[in-house]
$ cat model_8.txt   # compact mmCIF, C-alpha atoms (C1' of nucleotides)
# COMPACT_ATOMS: atom_id res chain seq x y z
CA MET A 15 0.86 26.78 -8.97
CA ALA A 16 -0.43 28.86 -6.15
CA ALA A 17 0.02 32.43 -7.26
CA ASN A 18 -0.95 34.70 -4.45
CA SER A 19 -3.77 37.15 -4.72
CA GLN A 20 -1.98 40.12 -3.21
CA PHE A 21 -1.91 42.00 -6.48
CA SER A 22 -5.67 41.65 -6.88
CA MET A 23 -6.23 42.77 -3.33
CA ALA A 24 -3.90 45.72 -3.82
CA VAL A 25 -5.73 46.90 -6.93
CA HIS A 26 -9.00 46.46 -5.10
CA VAL A 27 -7.83 48.55 -2.15
CA LEU A 28 -6.40 51.23 -4.42
CA ALA A 29 -9.63 51.39 -6.41
CA MET A 30 -11.47 51.96 -3.14
CA LEU A 31 -9.08 54.77 -2.28
CA ALA A 32 -9.51 56.24 -5.75
CA ARG A 33 -13.23 56.32 -5.18
CA SER A 34 -12.99 58.01 -1.80
CA LYS A 35 -10.78 60.80 -3.17
CA ASP A 36 -9.16 62.66 -0.27
CA GLU A 37 -11.08 60.99 2.50
CA ASN A 38 -9.11 58.59 4.65
CA LEU A 39 -10.34 55.00 4.56
CA LYS A 40 -9.74 52.73 7.51
CA SER A 41 -8.17 49.29 7.19
CA ASP A 42 -11.21 47.81 8.83
CA TYR A 43 -13.53 49.23 6.20
CA LEU A 44 -11.24 48.19 3.33
CA ALA A 45 -10.96 44.71 4.80
CA SER A 46 -14.71 44.25 4.79
CA SER A 47 -14.88 45.07 1.09
CA VAL A 48 -11.96 42.82 0.21
CA ASN A 49 -13.44 40.24 2.55
CA THR A 50 -10.34 39.68 4.57
CA ASN A 51 -8.71 40.73 7.81
CA ALA A 52 -7.77 44.32 8.66
CA VAL A 53 -4.19 43.31 9.40
CA VAL A 54 -3.85 41.74 5.97
CA VAL A 55 -4.94 45.06 4.48
CA ARG A 56 -2.56 47.01 6.68
CA ARG A 57 0.31 44.79 5.60
CA LEU A 58 -0.65 45.46 2.00
CA LEU A 59 -0.91 49.19 2.65
CA GLY A 60 2.54 49.06 4.19
CA GLN A 61 3.98 47.85 0.90
CA LEU A 62 2.02 50.43 -1.08
CA ASN A 63 3.24 53.06 1.33
CA GLN A 64 6.87 52.13 0.76
CA ALA A 65 6.23 52.43 -2.95
CA LYS A 66 4.79 55.88 -2.29
CA LEU A 67 1.42 54.97 -3.75
CA VAL A 68 -0.56 55.65 -0.59
CA VAL A 69 -0.26 57.79 2.51
CA SER A 70 -1.47 56.59 5.88
CA GLN A 71 -2.23 58.37 9.12
CA THR A 72 -2.29 56.85 12.55
CA GLY A 73 -4.61 58.01 15.27
CA ALA A 74 -8.22 59.03 15.43
CA ASN A 75 -9.67 59.85 12.03
CA GLY A 76 -6.63 58.16 10.55
CA GLY A 77 -6.63 55.80 7.60
CA SER A 78 -5.17 55.74 4.13
CA ARG A 79 -5.55 57.66 0.90
CA LEU A 80 -3.81 57.78 -2.46
CA ALA A 81 -0.49 59.61 -2.60
CA ARG A 82 -1.13 60.60 -6.23
CA CYS A 83 -3.96 61.03 -8.70
CA PRO A 84 -5.40 57.72 -9.95
CA ASN A 85 -4.36 58.57 -13.48
CA GLU A 86 -0.76 58.91 -12.38
CA ILE A 87 -0.62 55.37 -11.00
CA ASN A 88 -0.37 52.43 -13.34
CA LEU A 89 -0.74 48.73 -12.71
CA ALA A 90 2.93 47.98 -13.35
CA GLU A 91 3.86 50.15 -10.40
CA ILE A 92 1.41 48.29 -8.22
CA TYR A 93 2.76 44.98 -9.45
CA ARG A 94 6.26 46.06 -8.54
CA ALA A 95 5.17 47.48 -5.19
CA ILE A 96 3.66 44.16 -4.23
CA ASN A 97 6.82 42.44 -5.40
CA CYS A 98 5.00 39.77 -7.33
CA GLY A 99 8.36 38.41 -8.34
CA GLU A 100 8.90 36.60 -11.56
CA VAL A 101 6.60 34.88 -14.00
CA PHE A 102 8.27 31.57 -13.20
CA ALA A 103 10.94 30.63 -10.68
CA LEU A 104 14.34 29.36 -11.65
CA HIS A 105 15.59 26.11 -10.17
CA ALA A 106 15.09 25.96 -6.43
CA LYS A 107 18.34 24.03 -6.10
CA ALA A 108 21.16 24.67 -8.54
CA PRO A 109 21.31 21.97 -11.23
CA SER A 110 24.33 19.71 -11.57
CA GLN A 111 27.29 21.71 -12.84
CA GLU A 112 28.79 18.48 -14.19
CA CYS A 113 26.02 18.17 -16.75
CA PRO A 114 26.42 20.23 -19.93
CA ILE A 115 22.74 21.13 -19.80
CA GLY A 116 22.60 21.76 -16.07
CA LYS A 117 25.61 24.02 -16.28
CA ASN A 118 24.01 26.60 -18.57
CA ILE A 119 20.28 26.14 -18.33
CA GLU A 120 19.81 28.67 -15.55
CA ALA A 121 21.46 31.49 -17.48
CA VAL A 122 19.29 30.80 -20.52
CA LEU A 123 16.08 30.55 -18.50
CA GLY A 124 16.99 33.66 -16.56
CA CYS A 125 17.35 35.57 -19.80
CA ILE A 126 13.99 34.38 -21.09
CA GLN A 127 12.42 35.10 -17.73
CA ARG A 128 13.57 38.71 -17.79
CA GLU A 129 12.20 39.16 -21.26
CA ILE A 130 8.79 37.82 -20.29
CA ASP A 131 8.71 39.91 -17.14
CA LYS A 132 9.47 42.99 -19.18
CA GLY A 133 6.51 42.16 -21.39
CA ILE A 134 4.21 41.78 -18.39
CA SER A 135 5.34 45.11 -17.01
CA GLU A 136 4.88 46.81 -20.35
CA LYS A 137 1.32 45.51 -20.72
CA LEU A 138 0.39 46.36 -17.13
CA SER A 139 1.75 49.88 -17.49
CA ARG A 140 -0.88 50.59 -20.12
CA TYR A 141 -3.58 50.57 -17.44
CA THR A 142 -3.84 53.41 -14.96
CA LEU A 143 -5.69 53.06 -11.70
CA GLN A 144 -8.13 55.57 -13.16
CA ASN A 145 -8.81 53.23 -16.10
CA VAL A 146 -9.46 50.33 -13.76
CA PHE A 147 -11.64 52.43 -11.47
CA GLU A 148 -13.75 53.57 -14.42
CA MET A 149 -14.15 50.05 -15.75
CA VAL A 150 -15.27 48.89 -12.31
CA GLU A 151 -17.65 51.83 -11.84
CA GLN A 152 -19.24 51.35 -15.21
CA GLY A 153 -19.49 47.61 -14.67
CA LYS A 154 -18.31 47.06 -18.19
CA VAL A 155 -15.21 45.08 -18.94
CA MET B 27 5.53 35.43 -4.11
CA ALA B 28 6.84 31.92 -4.34
CA ALA B 29 6.40 30.93 -7.93
CA ASN B 30 7.21 27.31 -8.34
CA SER B 31 10.15 26.11 -10.35
CA GLN B 32 8.36 23.35 -12.21
CA PHE B 33 8.54 25.16 -15.50
CA SER B 34 12.31 25.55 -15.20
CA MET B 35 12.68 21.90 -14.28
CA ALA B 36 10.47 20.88 -17.19
CA VAL B 37 12.51 22.84 -19.70
CA HIS B 38 15.66 21.38 -18.19
CA VAL B 39 14.37 17.83 -18.50
CA LEU B 40 13.15 18.41 -22.05
CA ALA B 41 16.50 19.90 -23.03
CA MET B 42 18.16 16.75 -21.72
CA LEU B 43 15.79 14.64 -23.80
CA ALA B 44 16.47 16.83 -26.84
CA ARG B 45 20.17 16.14 -26.41
CA SER B 46 19.73 12.40 -26.12
CA LYS B 47 17.71 12.19 -29.35
CA ASP B 48 15.94 8.83 -29.51
CA GLU B 49 17.64 7.26 -26.56
CA ASN B 50 15.49 6.74 -23.48
CA LEU B 51 16.62 8.64 -20.41
CA LYS B 52 15.78 7.34 -16.96
CA SER B 53 14.15 9.44 -14.29
CA ASP B 54 17.05 8.70 -12.01
CA TYR B 55 19.55 10.11 -14.45
CA LEU B 56 17.43 13.19 -15.18
CA ALA B 57 16.96 13.76 -11.47
CA SER B 58 20.70 13.87 -10.88
CA SER B 59 21.13 16.59 -13.48
CA VAL B 60 18.19 18.62 -12.18
CA ASN B 61 19.46 17.91 -8.67
CA THR B 62 16.21 16.60 -7.32
CA ASN B 63 14.41 13.36 -6.60
CA ALA B 64 13.52 10.81 -9.28
CA VAL B 65 9.89 10.87 -8.24
CA VAL B 66 9.72 14.61 -8.73
CA VAL B 67 10.98 14.09 -12.26
CA ARG B 68 8.52 11.29 -12.92
CA ARG B 69 5.66 13.47 -11.73
CA LEU B 70 6.84 16.17 -14.10
CA LEU B 71 7.17 13.67 -16.94
CA GLY B 72 3.64 12.54 -16.22
CA GLN B 73 2.36 16.04 -16.99
CA LEU B 74 4.52 16.31 -20.09
CA ASN B 75 3.23 12.93 -21.16
CA GLN B 76 -0.38 14.04 -20.86
CA ALA B 77 0.48 17.03 -23.02
CA LYS B 78 1.98 14.62 -25.54
CA LEU B 79 5.41 16.21 -25.33
CA VAL B 80 7.20 13.08 -24.15
CA VAL B 81 6.77 9.34 -24.39
CA SER B 82 7.73 7.05 -21.56
CA GLN B 83 8.32 3.32 -21.34
CA THR B 84 8.13 1.19 -18.25
CA GLY B 85 10.33 -1.80 -17.66
CA ALA B 86 13.94 -2.64 -18.36
CA ASN B 87 15.60 -0.21 -20.77
CA GLY B 88 12.61 2.02 -20.19
CA GLY B 89 12.72 5.77 -19.72
CA SER B 90 11.49 8.82 -21.54
CA ARG B 91 12.13 10.55 -24.83
CA LEU B 92 10.62 13.43 -26.76
CA ALA B 93 7.39 12.74 -28.58
CA ARG B 94 8.28 15.29 -31.28
CA CYS B 95 11.28 17.06 -32.75
CA PRO B 96 12.69 19.78 -30.50
CA ASN B 97 11.91 22.39 -33.12
CA GLU B 98 8.25 21.40 -33.05
CA ILE B 99 7.93 22.10 -29.32
CA ASN B 100 7.75 25.63 -28.03
CA LEU B 101 7.96 27.01 -24.53
CA ALA B 102 4.33 28.09 -24.45
CA GLU B 103 3.27 24.46 -24.84
CA ILE B 104 5.53 23.48 -21.97
CA TYR B 105 4.16 26.32 -19.85
CA ARG B 106 0.64 25.11 -20.51
CA ALA B 107 1.56 21.47 -19.91
CA ILE B 108 2.91 22.32 -16.48
CA ASN B 109 -0.21 24.35 -15.81
CA CYS B 110 1.66 27.32 -14.45
CA GLY B 111 -1.66 29.02 -14.02
CA GLU B 112 -2.08 32.73 -14.21
CA VAL B 113 0.28 35.62 -13.87
CA PHE B 114 -1.54 36.70 -10.74
CA ALA B 115 -4.37 35.13 -8.81
CA LEU B 116 -7.76 36.71 -8.44
CA HIS B 117 -9.23 37.17 -4.98
CA ALA B 118 -8.92 34.02 -2.88
CA LYS B 119 -12.26 34.83 -1.25
CA ALA B 120 -14.91 36.68 -3.23
CA PRO B 121 -15.01 40.37 -2.34
CA SER B 122 -18.10 41.92 -0.79
CA GLN B 123 -20.89 42.06 -3.34
CA GLU B 124 -22.44 44.94 -1.38
CA CYS B 125 -19.55 47.20 -2.26
CA PRO B 126 -19.68 48.85 -5.70
CA ILE B 127 -15.97 48.17 -6.16
CA GLY B 128 -16.02 44.65 -4.76
CA LYS B 129 -18.93 43.75 -6.98
CA ASN B 130 -17.10 44.33 -10.26
CA ILE B 131 -13.41 44.26 -9.51
CA GLU B 132 -13.03 40.56 -10.20
CA ALA B 133 -14.45 40.80 -13.70
CA VAL B 134 -12.14 43.69 -14.55
CA LEU B 135 -9.06 42.00 -13.10
CA GLY B 136 -9.97 38.75 -14.82
CA CYS B 137 -10.07 40.54 -18.11
CA ILE B 138 -6.68 42.15 -17.57
CA GLN B 139 -5.28 38.87 -16.34
CA ARG B 140 -6.30 37.09 -19.52
CA GLU B 141 -4.71 39.77 -21.63
CA ILE B 142 -1.40 39.54 -19.77
CA ASP B 143 -1.45 35.74 -19.91
CA LYS B 144 -1.98 35.90 -23.64
CA GLY B 145 1.09 38.11 -23.90
CA ILE B 146 3.17 35.67 -21.87
CA SER B 147 2.07 32.80 -24.04
CA GLU B 148 2.81 34.74 -27.20
CA LYS B 149 6.32 35.60 -26.08
CA LEU B 150 7.05 32.06 -24.87
CA SER B 151 5.84 30.59 -28.13
CA ARG B 152 8.65 32.36 -29.95
CA TYR B 153 11.16 29.98 -28.38
CA THR B 154 11.34 26.38 -29.51
CA LEU B 155 12.96 23.70 -27.41
CA GLN B 156 15.57 23.54 -30.18
CA ASN B 157 16.37 27.25 -29.65
CA VAL B 158 16.78 26.75 -25.93
CA PHE B 159 18.86 23.62 -26.43
CA GLU B 160 21.19 25.45 -28.79
CA MET B 161 21.57 28.40 -26.47
CA VAL B 162 22.45 26.04 -23.63
CA GLU B 163 24.86 24.01 -25.76
CA GLN B 164 26.65 27.09 -27.00
CA GLY B 165 26.74 28.53 -23.52
CA LYS B 166 25.75 31.88 -24.91
CA VAL B 167 22.66 33.66 -23.80
C1' DT C 11 9.38 -18.91 -16.90
C1' DG C 12 11.94 -16.14 -13.70
C1' DC C 13 14.67 -12.16 -12.67
C1' DA C 14 16.27 -7.45 -12.97
C1' DT C 15 14.89 -2.94 -14.29
C1' DT C 16 12.02 1.03 -14.59
C1' DT C 17 7.79 3.67 -14.63
C1' DG C 18 3.50 5.17 -12.37
C1' DT C 19 1.40 6.26 -8.31
C1' DA C 20 0.07 6.27 -3.45
C1' DT C 21 1.34 7.81 0.95
C1' DC C 22 3.69 10.38 4.44
C1' DA C 23 6.81 13.82 6.39
C1' DA C 24 9.28 18.18 5.95
C1' DT C 25 9.43 22.77 4.46
C1' DA C 26 7.73 27.13 3.07
C1' DC C 27 4.61 30.77 2.69
C1' DA C 28 0.18 33.23 2.60
C1' DA C 29 -3.53 34.29 5.38
C1' DG C 30 -5.91 34.89 9.59
C1' DT C 31 -5.84 36.19 14.51
C1' DT C 32 -4.61 38.40 18.77
C1' DA C 33 -2.18 41.77 21.12
C1' DC C 34 -0.13 46.00 22.04
C1' DA C 35 2.85 50.24 21.52
C1' DG C 36 2.57 54.68 19.62
C1' DA C 37 0.44 58.50 17.10
C1' DA C 38 -3.26 61.79 16.40
C1' DA C 39 -7.74 64.23 17.46
C1' DG C 40 -10.76 66.40 20.44
C1' DC D 9 -6.83 61.98 29.04
C1' DT D 10 -9.47 59.18 26.39
C1' DT D 11 -10.69 57.34 22.12
C1' DT D 12 -9.49 55.87 17.71
C1' DC D 13 -6.34 54.08 14.35
C1' DT D 14 -2.05 52.40 12.32
C1' DG D 15 2.18 49.60 12.45
C1' DT D 16 4.10 45.51 13.74
C1' DA D 17 5.26 41.38 16.21
C1' DA D 18 4.02 36.73 17.38
C1' DC D 19 1.46 32.74 16.73
C1' DT D 20 -1.71 29.54 14.39
C1' DT D 21 -3.71 27.49 10.41
C1' DG D 22 -4.31 26.14 5.65
C1' DT D 23 -2.20 24.65 1.62
C1' DA D 24 1.30 23.62 -2.02
C1' DT D 25 5.80 21.82 -3.25
C1' DT D 26 9.38 18.84 -2.45
C1' DG D 27 11.50 14.80 -0.95
C1' DA D 28 11.39 9.98 0.46
C1' DT D 29 9.75 5.19 0.75
C1' DA D 30 7.14 1.60 -1.05
C1' DC D 31 5.03 -1.30 -4.27
C1' DA D 32 2.22 -2.94 -8.37
C1' DA D 33 2.64 -3.39 -13.18
C1' DA D 34 5.17 -3.40 -17.39
C1' DT D 35 9.16 -4.71 -20.11
C1' DG D 36 13.41 -7.00 -21.72
C1' DC D 37 16.37 -10.78 -21.44
C1' DA D 38 18.37 -15.16 -20.35

$ encode --input "model_8.txt" --output "structure tokens"
Amino acid sequence: MAANSQFSMAVHVLAMLARSKDENLKSDYLASSVNTNAVVVRRLLGQLNQAKLVVSQTGANGGSRLARCPNEINLAEIYRAINCGEVFALHAKAPSQECPIGKNIEAVLGCIQREIDKGISEKLSRYTLQNVFEMVEQGKV
Amino acid sequence: MAANSQFSMAVHVLAMLARSKDENLKSDYLASSVNTNAVVVRRLLGQLNQAKLVVSQTGANGGSRLARCPNEINLAEIYRAINCGEVFALHAKAPSQECPIGKNIEAVLGCIQREIDKGISEKLSRYTLQNVFEMVEQGKV
DNA sequence: TGCATTTGTATCAATACAAGTTACAGAAAG
DNA sequence: CTTTCTGTAACTTGTATTGATACAAATGCA
């Protein structure tokens, strides 16, 4: 499976913003820390902006900063903002409806999927951005 | 995110095998229920075989069947067998080691990732293949 | 033994999506 | 007005999954 790394990049970017407090950080600067392209960061920031986690300013001296205090942002919100989707995908193509298994398997898996996803969200919500930032700063895990 | 649907297909295939008890099912037959190609199913069965969840026979009257009773197989084992990987990926490219955030963020995220993955596994392990099979059979979720 | 069946696996093409890149309009600051 | 940035579109590239074809090897049976 090729899970994407957008969530990791998002947390990274947000930790940078947490560190810079009220100072705007530019996508170019963030990109060099994440080791990626500025446009990739701006796309990410766009999603975080929609989720009202960051605020961005165009123009000279523009950039992005957190929309809220780091201890009022938790990882579950970030996960949702990035739309990481589900822990596993249901069938790409609908199974045979003629088959007694195929007919009902999707409903059962969908139910289990939602339960697992709820668990992920619950565990992620225990970490605030502040927690993560402090762990990173202190270099202790 | 485009999570793959291999886990769903695997559970589907295993539920079919649970239903057929000791009778061998052919990849062609399984594929028509899953609504995919026989080779896709055989590739999946190969992984389940390595994990000792199914047994396959080549040749005439060949096919696959469960290696164990359905109530001795849980979804966490299937998840592992299919190697669904992690709930989210760490950075594709290592972040800048010059940056105080970039330097430590991977370790912190890795730690959180492992905790979440443990939670997923724990929740999945509560379901046996027998449970899933019964839910599907009874059409109630 | 010879034939039909079926898996296991290699190979190739098609599709999908993330990531990287370039380009540029539009917003803000001075 | 010029410079500096973001937001976004368009395009390319890398990579993973899926689907399809092909064939060797294994098995059962006459």

$ atom_distance --input "model_8.txt" --atom1 "atom CA of Leu43 of chain B" --atom2 "atom C1' of DA33 of chain D"
24.7 Å

$ closest_atom_pairs --input "model_8.txt" --of "chain B" --to "chain A" --cutoff "6 Å" --atoms "all atoms listed in the file" --output "Markdown table"
| residue | atom | partner | partner_atom | distance |
| --- | --- | --- | --- | --- |
| B:Met27 | CA | A:Cys98 | CA | 5.4 |
| B:Ala29 | CA | A:Ala103 | CA | 5.3 |
| B:Asn30 | CA | A:Ala103 | CA | 5.5 |
| B:Ser31 | CA | A:Ala103 | CA | 4.6 |
| B:Ser34 | CA | A:Leu104 | CA | 5.6 |
| B:Ser59 | CA | A:Ser110 | CA | 4.9 |
| B:Val60 | CA | A:Pro109 | CA | 4.7 |
| B:Asn61 | CA | A:Pro109 | CA | 5.1 |
| B:Cys110 | CA | A:Met15 | CA | 5.6 |
| B:Phe114 | CA | A:Ala17 | CA | 5.7 |
| B:Ala115 | CA | A:Ser19 | CA | 4.6 |
| B:Leu116 | CA | A:Ser19 | CA | 5.5 |
| B:His117 | CA | A:Ser19 | CA | 5.5 |
| B:Pro121 | CA | A:Val48 | CA | 4.7 |
| B:Ser122 | CA | A:Ser47 | CA | 4.9 |
| B:Gly128 | CA | A:Ser47 | CA | 6.0 |
| B:Asn130 | CA | A:Val150 | CA | 5.3 |
| B:Ile131 | CA | A:Val150 | CA | 5.7 |
| B:Val134 | CA | A:Val155 | CA | 5.5 |
| B:Val162 | CA | A:Asn118 | CA | 5.3 |
| B:Gly165 | CA | A:Asn118 | CA | 6.0 |
| B:Val167 | CA | A:Val122 | CA | 5.5 |

$ residues_around --input "model_8.txt" --residues "DA33 of chain C" --least-positions-apart "2" --cutoff "10 Å" --atoms "all atoms listed in the file" --output "list in words"
DT31 and DA35 of chain C; DA17 and DA18 of chain D

$ closest_atom_pairs --input "model_8.txt" --of "chain A" --to "chain D" --cutoff "8 Å" --atoms "all atoms listed in the file" --output "tab-separated table"
residue	atom	partner	partner_atom	distance
A:Met15	CA	D:DA24	C1'	7.6
A:Ala16	CA	D:DA24	C1'	6.9
A:Lys40	CA	D:DC13	C1'	7.8
A:Arg56	CA	D:DT14	C1'	7.8
A:Ser70	CA	D:DT14	C1'	7.7
A:Gln71	CA	D:DT14	C1'	6.8
A:Thr72	CA	D:DT14	C1'	4.5
A:Gly73	CA	D:DC13	C1'	4.4
A:Ala74	CA	D:DT12	C1'	4.1
A:Asn75	CA	D:DT12	C1'	6.9
A:Gly76	CA	D:DC13	C1'	5.6
A:Gly77	CA	D:DC13	C1'	7.0

$ closest_atom_pairs --input "model_8.txt" --of "chain C" --to "chain B" --cutoff "7 Å" --atoms "all atoms listed in the file" --output "CSV"
residue,atom,partner,partner_atom,distance
C:DT15,C1',B:Ala86,CA,4.2
C:DT16,C1',B:Gly85,CA,4.5
C:DT17,C1',B:Thr84,CA,4.4

$ atom_distance --input "model_8.txt" --atom1 "atom CA of Gln144 of chain A" --atom2 "atom CA of Lys35 of chain A"
11.6 Å

$ atom_distance --input "model_8.txt" --atom1 "atom CA of Arg140 of chain A" --atom2 "atom CA of Gln61 of chain A"
21.7 Å

$ closest_residue --input "model_8.txt" --among "A:Leu89, A:Pro84, A:Arg94, A:Asn51" --to "Gln64 of chain A" --atoms "only C-alpha atoms"
A:Arg94

$ residues_near_point --input "model_8.txt" --point "(13.4, 9.5, -32.5)" --cutoff "12 Å" --atoms "only C-alpha atoms (C1' of nucleotides)" --output "list in words"
Leu43, Ala44, Arg45, Ser46, Lys47, Asp48, Glu49, Asn50, Val80, Val81, Ser90, Arg91, Leu92, Ala93, Arg94, Cys95 and Pro96 of chain B

$ decode --input "model_8.txt" --residues "segment 31-49 of chain A" --atoms "C-alpha atoms" --output "PDB file, in the first residue's frame"
ATOM      1  CA  LEU A  31       4.118  27.528  12.341  1.00  0.00           C
ATOM      2  CA  ALA A  32       3.700  26.748  16.029  1.00  0.00           C
ATOM      3  CA  ARG A  33       7.347  27.532  16.542  1.00  0.00           C
ATOM      4  CA  SER A  34       7.217  30.837  14.692  1.00  0.00           C
ATOM      5  CA  LYS A  35       4.251  32.063  16.756  1.00  0.00           C
ATOM      6  CA  ASP A  36       2.683  35.071  15.042  1.00  0.00           C
ATOM      7  CA  GLU A  37       5.311  35.538  12.397  1.00  0.00           C
ATOM      8  CA  ASN A  38       4.279  34.641   8.866  1.00  0.00           C
ATOM      9  CA  LEU A  39       6.263  31.821   7.302  1.00  0.00           C
ATOM     10  CA  LYS A  40       6.634  31.632   3.550  1.00  0.00           C
ATOM     11  CA  SER A  41       5.862  28.511   1.545  1.00  0.00           C
ATOM     12  CA  ASP A  42       9.371  28.590   0.184  1.00  0.00           C
ATOM     13  CA  TYR A  43      10.896  28.449   3.642  1.00  0.00           C
ATOM     14  CA  LEU A  44       8.519  25.705   4.800  1.00  0.00           C
ATOM     15  CA  ALA A  45       9.253  23.715   1.659  1.00  0.00           C
ATOM     16  CA  SER A  46      12.970  23.739   2.357  1.00  0.00           C
ATOM     17  CA  SER A  47      12.413  22.266   5.807  1.00  0.00           C
ATOM     18  CA  VAL A  48       9.992  19.625   4.563  1.00  0.00           C
ATOM     19  CA  ASN A  49      12.346  19.065   1.651  1.00  0.00           C
TER      20      ASN A  49
END
